[in-house]
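A quick write-up on the structure given underneath.
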Amino acid sequence: MLSAREFYYSEIAPDEAGKNYQQAHQSAIYDEKSSKEDLSNIVGHVPNLSNDILIESYIENFIASTSGTFSDSISRMFVAKRKDFLANAGAIHAGGRFEGDLVFFYVGLSDLCFQYAILFGEFINLCALRQELPDDSEDVLLSMAGVVKGLNKLANAQLEWGINGNEIRLKDETLIYPSDHLADNAARIATLMDRVVLGHEIAHHLLGHTGRDATTSELLEIRIAPFLNQGLSAKHRKEIEADLLGLALPLWSTFGDSSDQAEFEVALGALLFYTVISHLKCSMFLESESHPSAATRYNHVLKFIRTHFKLPVLDSLIDDIERFQALLFATQDRGLGLMQKHRLSTNGERNA
Ligand SMILES: [Zn+2]
């Protein structure tokens, strides 16, 4: 029987002819770039676990952080980055057509996360500057102007994406660019969110939500089940299970005793990712038949992180995220910031 990768290239994307994403869809960009920089690792990447070299490295991390049936199952997956602008990802039912599991990761979702990652990085930089410098110093004013501009651009872009059914088409007028010195940081933050997306889809497969046998584990019951609120529908319950297992996977083998850095990366990626998707709907309370509301998902994730993670800076990280939510709410009138609204009226002066 075909492997997930073979099935992808023979049945779903024969036009990609076994090439990686950059070769298949971005050859013009990379041809121009490669004359200036050495991009041989990206362009020459031979798809194994994914058609994208970065995603492949995240999957390798998931394999390394788990063991037994979890890591066995993950090493038989193939994650296809797809040139689709919808802000979406999916775990695909194999239905007996291939062995292993297939995940789709749409470029629209990755682009969306990157725009918010840039703005969050700029916001954190502004907060840090304000700790050290007076509010009327040139650096603070400049940084603040950049954040305000970014917030407005993103609000306009988000409005347009919403009108177009959450197709994330980036346009020059509303595109946010990071400051030069923060570009690497923005890319790192975006990476952490991509890993959350991936963790969620992998978790759907491991939990048996896509038709194959669930990878059962006593640990799973202990780590995830206590966090599921009563009253969730069967479908919503599956989404929350995938959210929580997705977060736990990168820390699975060291659970409860992971390094502060590892916990920080998972917490930042998750809290920011669930913030971002709350902006795809007009209300954080809106749920669909298949998915719980953004508020329900965020609150489950937050409770899970607060219970299991021990990193000392957790409170200040949550505080940063929630102040960011408040700012986004002020410009978009949607998203998780509704929960933080009081911050803008009571101590917005200090926190804005
Ligand atoms: Zn899901």
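Naming scheme: A, B, ... for chains in displayed order of the structure tokens; residues 1 onward per chain; ligands 1 onward as shown.
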Next item on the list: Please write out the residues within 12 Å of ligand 1 as an MDAnalysis selection string, counting only C-alpha atoms and all ligand atoms.
Entry: chainID A and resid 88:92 103:105 196:205 207 209:210 235:246 290:292 297
Check: Near Glu56 of chain A, within 12 Å and counting only C-alpha atoms, which residues show up once chain neighbours fewer than 6 positions away are dropped, as a PyMOL selection string?
Finding: chain A and resi 20-21+42+45-50+62-63+74-75+77-81+194-195+198
Next item on the list: Any chance you could list, as a PyMOL selection string, the residues in segment 141-241 of chain A that come up alpha helix (DSSP H) when DSSP is run on the backbone?
Entry: chain A and resi 141-163+183-206+218-223+234-241
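Here atom CA of Thr174 of chain A is placed at a distance of 8.5 Å from atom CA of Asn152 of chain A.
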Next item on the list: Using only C-alpha atoms, determine which residues lie at most 9 Å from Ile224 of chain A, disregarding the query and same-chain residues fewer than 2 positions distant; provide the list as a PyMOL selection string.
Entry: chain A and resi 219-222+226-228+241+244-245+248+304
Write a file of the selected residues as a PDB file, in the first residue's frame, keeping N, CA and C atoms.
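This is the output file again-v5.pdb:
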ATOM      1  N   LEU A 219      -1.348   7.759  30.123  1.00  0.00           N
ATOM      2  CA  LEU A 219      -0.882   9.124  30.355  1.00  0.00           C
ATOM      3  C   LEU A 219      -1.836  10.145  29.740  1.00  0.00           C
ATOM      4  N   LEU A 220      -2.371   9.753  28.591  1.00  0.00           N
ATOM      5  CA  LEU A 220      -3.289  10.643  27.888  1.00  0.00           C
ATOM      6  C   LEU A 220      -4.478  10.970  28.785  1.00  0.00           C
ATOM      7  N   GLU A 221      -5.033   9.945  29.398  1.00  0.00           N
ATOM      8  CA  GLU A 221      -6.166  10.131  30.303  1.00  0.00           C
ATOM      9  C   GLU A 221      -5.788  11.061  31.459  1.00  0.00           C
ATOM     10  N   ILE A 222      -4.621  10.818  31.995  1.00  0.00           N
ATOM     11  CA  ILE A 222      -4.197  11.601  33.164  1.00  0.00           C
ATOM     12  C   ILE A 222      -3.942  13.059  32.792  1.00  0.00           C
ATOM     13  N   PRO A 226      -8.815  15.441  32.524  1.00  0.00           N
ATOM     14  CA  PRO A 226      -9.333  16.298  33.594  1.00  0.00           C
ATOM     15  C   PRO A 226      -9.640  17.730  33.160  1.00  0.00           C
ATOM     16  N   PHE A 227      -9.177  18.118  31.987  1.00  0.00           N
ATOM     17  CA  PHE A 227      -9.362  19.512  31.570  1.00  0.00           C
ATOM     18  C   PHE A 227     -10.583  19.737  30.700  1.00  0.00           C
ATOM     19  N   LEU A 228     -11.237  18.645  30.298  1.00  0.00           N
ATOM     20  CA  LEU A 228     -12.366  18.783  29.392  1.00  0.00           C
ATOM     21  C   LEU A 228     -13.614  19.174  30.176  1.00  0.00           C
ATOM     22  N   GLU A 241      -9.624  18.146  22.844  1.00  0.00           N
ATOM     23  CA  GLU A 241      -8.633  17.078  23.083  1.00  0.00           C
ATOM     24  C   GLU A 241      -7.414  17.283  22.183  1.00  0.00           C
ATOM     25  N   LEU A 244      -5.273  20.225  23.358  1.00  0.00           N
ATOM     26  CA  LEU A 244      -4.466  19.971  24.563  1.00  0.00           C
ATOM     27  C   LEU A 244      -3.359  18.949  24.295  1.00  0.00           C
ATOM     28  N   LEU A 245      -3.694  17.879  23.560  1.00  0.00           N
ATOM     29  CA  LEU A 245      -2.630  16.910  23.258  1.00  0.00           C
ATOM     30  C   LEU A 245      -1.561  17.566  22.369  1.00  0.00           C
ATOM     31  N   ALA A 248       0.766  19.259  24.520  1.00  0.00           N
ATOM     32  CA  ALA A 248       1.531  18.352  25.381  1.00  0.00           C
ATOM     33  C   ALA A 248       2.613  17.598  24.604  1.00  0.00           C
ATOM     34  N   PHE A 304      -4.908  24.562  31.104  1.00  0.00           N
ATOM     35  CA  PHE A 304      -3.941  23.461  30.957  1.00  0.00           C
ATOM     36  C   PHE A 304      -2.516  23.969  31.209  1.00  0.00           C
TER      37      PHE A 304
END
Leaving out Leu112 of chain A and any residue of its chain fewer than 2 positions from it, which residues lie within 10 Å of it when counting only C-alpha atoms, given as a JSON list (two decimals) with N, CA and C atoms, in the first residue's frame?
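Result saved to around.json:
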[["chain", "number", "residue", "atom", "x", "y", "z"],
["A", 85, "PHE", "N", -5.15, 29.66, 0.19],
["A", 85, "PHE", "CA", -5.08, 30.86, 1.01],
["A", 85, "PHE", "C", -6.06, 30.89, 2.17],
["A", 86, "LEU", "N", -6.89, 29.86, 2.29],
["A", 86, "LEU", "CA", -7.78, 29.79, 3.45],
["A", 86, "LEU", "C", -6.95, 29.60, 4.72],
["A", 87, "ALA", "N", -7.38, 30.23, 5.80],
["A", 87, "ALA", "CA", -6.69, 30.09, 7.07],
["A", 87, "ALA", "C", -7.10, 28.77, 7.70],
["A", 88, "ASN", "N", -6.49, 27.69, 7.24],
["A", 88, "ASN", "CA", -6.98, 26.39, 7.67],
["A", 88, "ASN", "C", -5.87, 25.33, 7.65],
["A", 107, "VAL", "N", -1.12, 27.49, 3.33],
["A", 107, "VAL", "CA", -0.21, 28.63, 3.44],
["A", 107, "VAL", "C", -0.94, 29.85, 4.02],
["A", 108, "GLY", "N", -2.26, 29.93, 3.80],
["A", 108, "GLY", "CA", -3.03, 31.06, 4.33],
["A", 108, "GLY", "C", -2.92, 31.16, 5.85],
["A", 109, "LEU", "N", -2.97, 30.03, 6.52],
["A", 109, "LEU", "CA", -2.90, 30.03, 7.98],
["A", 109, "LEU", "C", -1.51, 30.45, 8.45],
["A", 110, "SER", "N", -0.50, 29.99, 7.75],
["A", 110, "SER", "CA", 0.87, 30.34, 8.09],
["A", 110, "SER", "C", 1.11, 31.84, 7.90],
["A", 114, "PHE", "N", 1.98, 34.73, 10.73],
["A", 114, "PHE", "CA", 3.19, 35.54, 10.61],
["A", 114, "PHE", "C", 2.88, 37.03, 10.78],
["A", 115, "GLN", "N", 1.76, 37.49, 10.22],
["A", 115, "GLN", "CA", 1.41, 38.91, 10.37],
["A", 115, "GLN", "C", 1.21, 39.27, 11.85],
["A", 116, "TYR", "N", 0.50, 38.43, 12.58],
["A", 116, "TYR", "CA", 0.28, 38.69, 14.01],
["A", 116, "TYR", "C", 1.59, 38.54, 14.79],
["A", 117, "ALA", "N", 2.44, 37.61, 14.37],
["A", 117, "ALA", "CA", 3.72, 37.42, 15.06],
["A", 117, "ALA", "C", 4.58, 38.68, 14.97],
["A", 154, "LEU", "N", -3.43, 45.84, 10.23],
["A", 154, "LEU", "CA", -3.95, 44.50, 10.47],
["A", 154, "LEU", "C", -5.48, 44.52, 10.59],
["A", 158, "GLN", "N", -7.73, 42.40, 8.24],
["A", 158, "GLN", "CA", -8.63, 41.42, 8.85],
["A", 158, "GLN", "C", -10.06, 41.59, 8.36],
["A", 161, "TRP", "N", -10.14, 40.18, 4.85],
["A", 161, "TRP", "CA", -10.07, 38.71, 4.89],
["A", 161, "TRP", "C", -11.43, 38.14, 5.30],
["A", 166, "ASN", "N", -12.30, 34.48, 5.00],
["A", 166, "ASN", "CA", -11.02, 34.16, 5.63],
["A", 166, "ASN", "C", -9.98, 33.59, 4.65],
["A", 167, "GLU", "N", -10.01, 34.12, 3.46],
["A", 167, "GLU", "CA", -8.91, 33.86, 2.54],
["A", 167, "GLU", "C", -7.85, 34.90, 2.83],
["A", 168, "ILE", "N", -6.67, 34.44, 3.17],
["A", 168, "ILE", "CA", -5.62, 35.38, 3.60],
["A", 168, "ILE", "C", -4.78, 35.79, 2.38],
["A", 169, "ARG", "N", -5.25, 36.81, 1.71],
["A", 169, "ARG", "CA", -4.50, 37.36, 0.57],
["A", 169, "ARG", "C", -3.74, 38.58, 1.07],
["A", 170, "LEU", "N", -2.43, 38.50, 1.02],
["A", 170, "LEU", "CA", -1.63, 39.62, 1.53],
["A", 170, "LEU", "C", -1.52, 40.70, 0.45],
["A", 190, "ALA", "N", 6.49, 33.19, 14.82],
["A", 190, "ALA", "CA", 5.60, 32.55, 13.84],
["A", 190, "ALA", "C", 5.82, 31.04, 13.81],
["A", 273, "PHE", "N", -1.47, 31.79, 19.20],
["A", 273, "PHE", "CA", -2.24, 31.17, 18.11],
["A", 273, "PHE", "C", -3.75, 31.24, 18.38],
["A", 276, "VAL", "N", -4.97, 34.64, 17.75],
["A", 276, "VAL", "CA", -5.10, 34.95, 16.33],
["A", 276, "VAL", "C", -6.39, 34.40, 15.75],
["A", 277, "ILE", "N", -6.68, 33.14, 16.04],
["A", 277, "ILE", "CA", -7.88, 32.58, 15.40],
["A", 277, "ILE", "C", -9.17, 33.18, 15.97],
["A", 280, "LEU", "N", -10.73, 35.56, 13.53],
["A", 280, "LEU", "CA", -11.33, 35.09, 12.28],
["A", 280, "LEU", "C", -12.86, 35.07, 12.35]]
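The shortest atom-to-atom distance to Tyr30 of chain A, with only C-alpha atoms taken into account, belongs to A:Val43 out of A:Ile176, A:Ala186, A:Leu302, A:Val43.
We find atom CA of Ala214 of chain A and atom CA of Tyr8 of chain A to be spaced 22.5 Å apart.
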Checklist line | strand (DSSP E) per DSSP on the backbone: members of segment 28-199 of chain A, as a PyMOL selection string | finding: chain A and resi 77-82+89-92+101-106
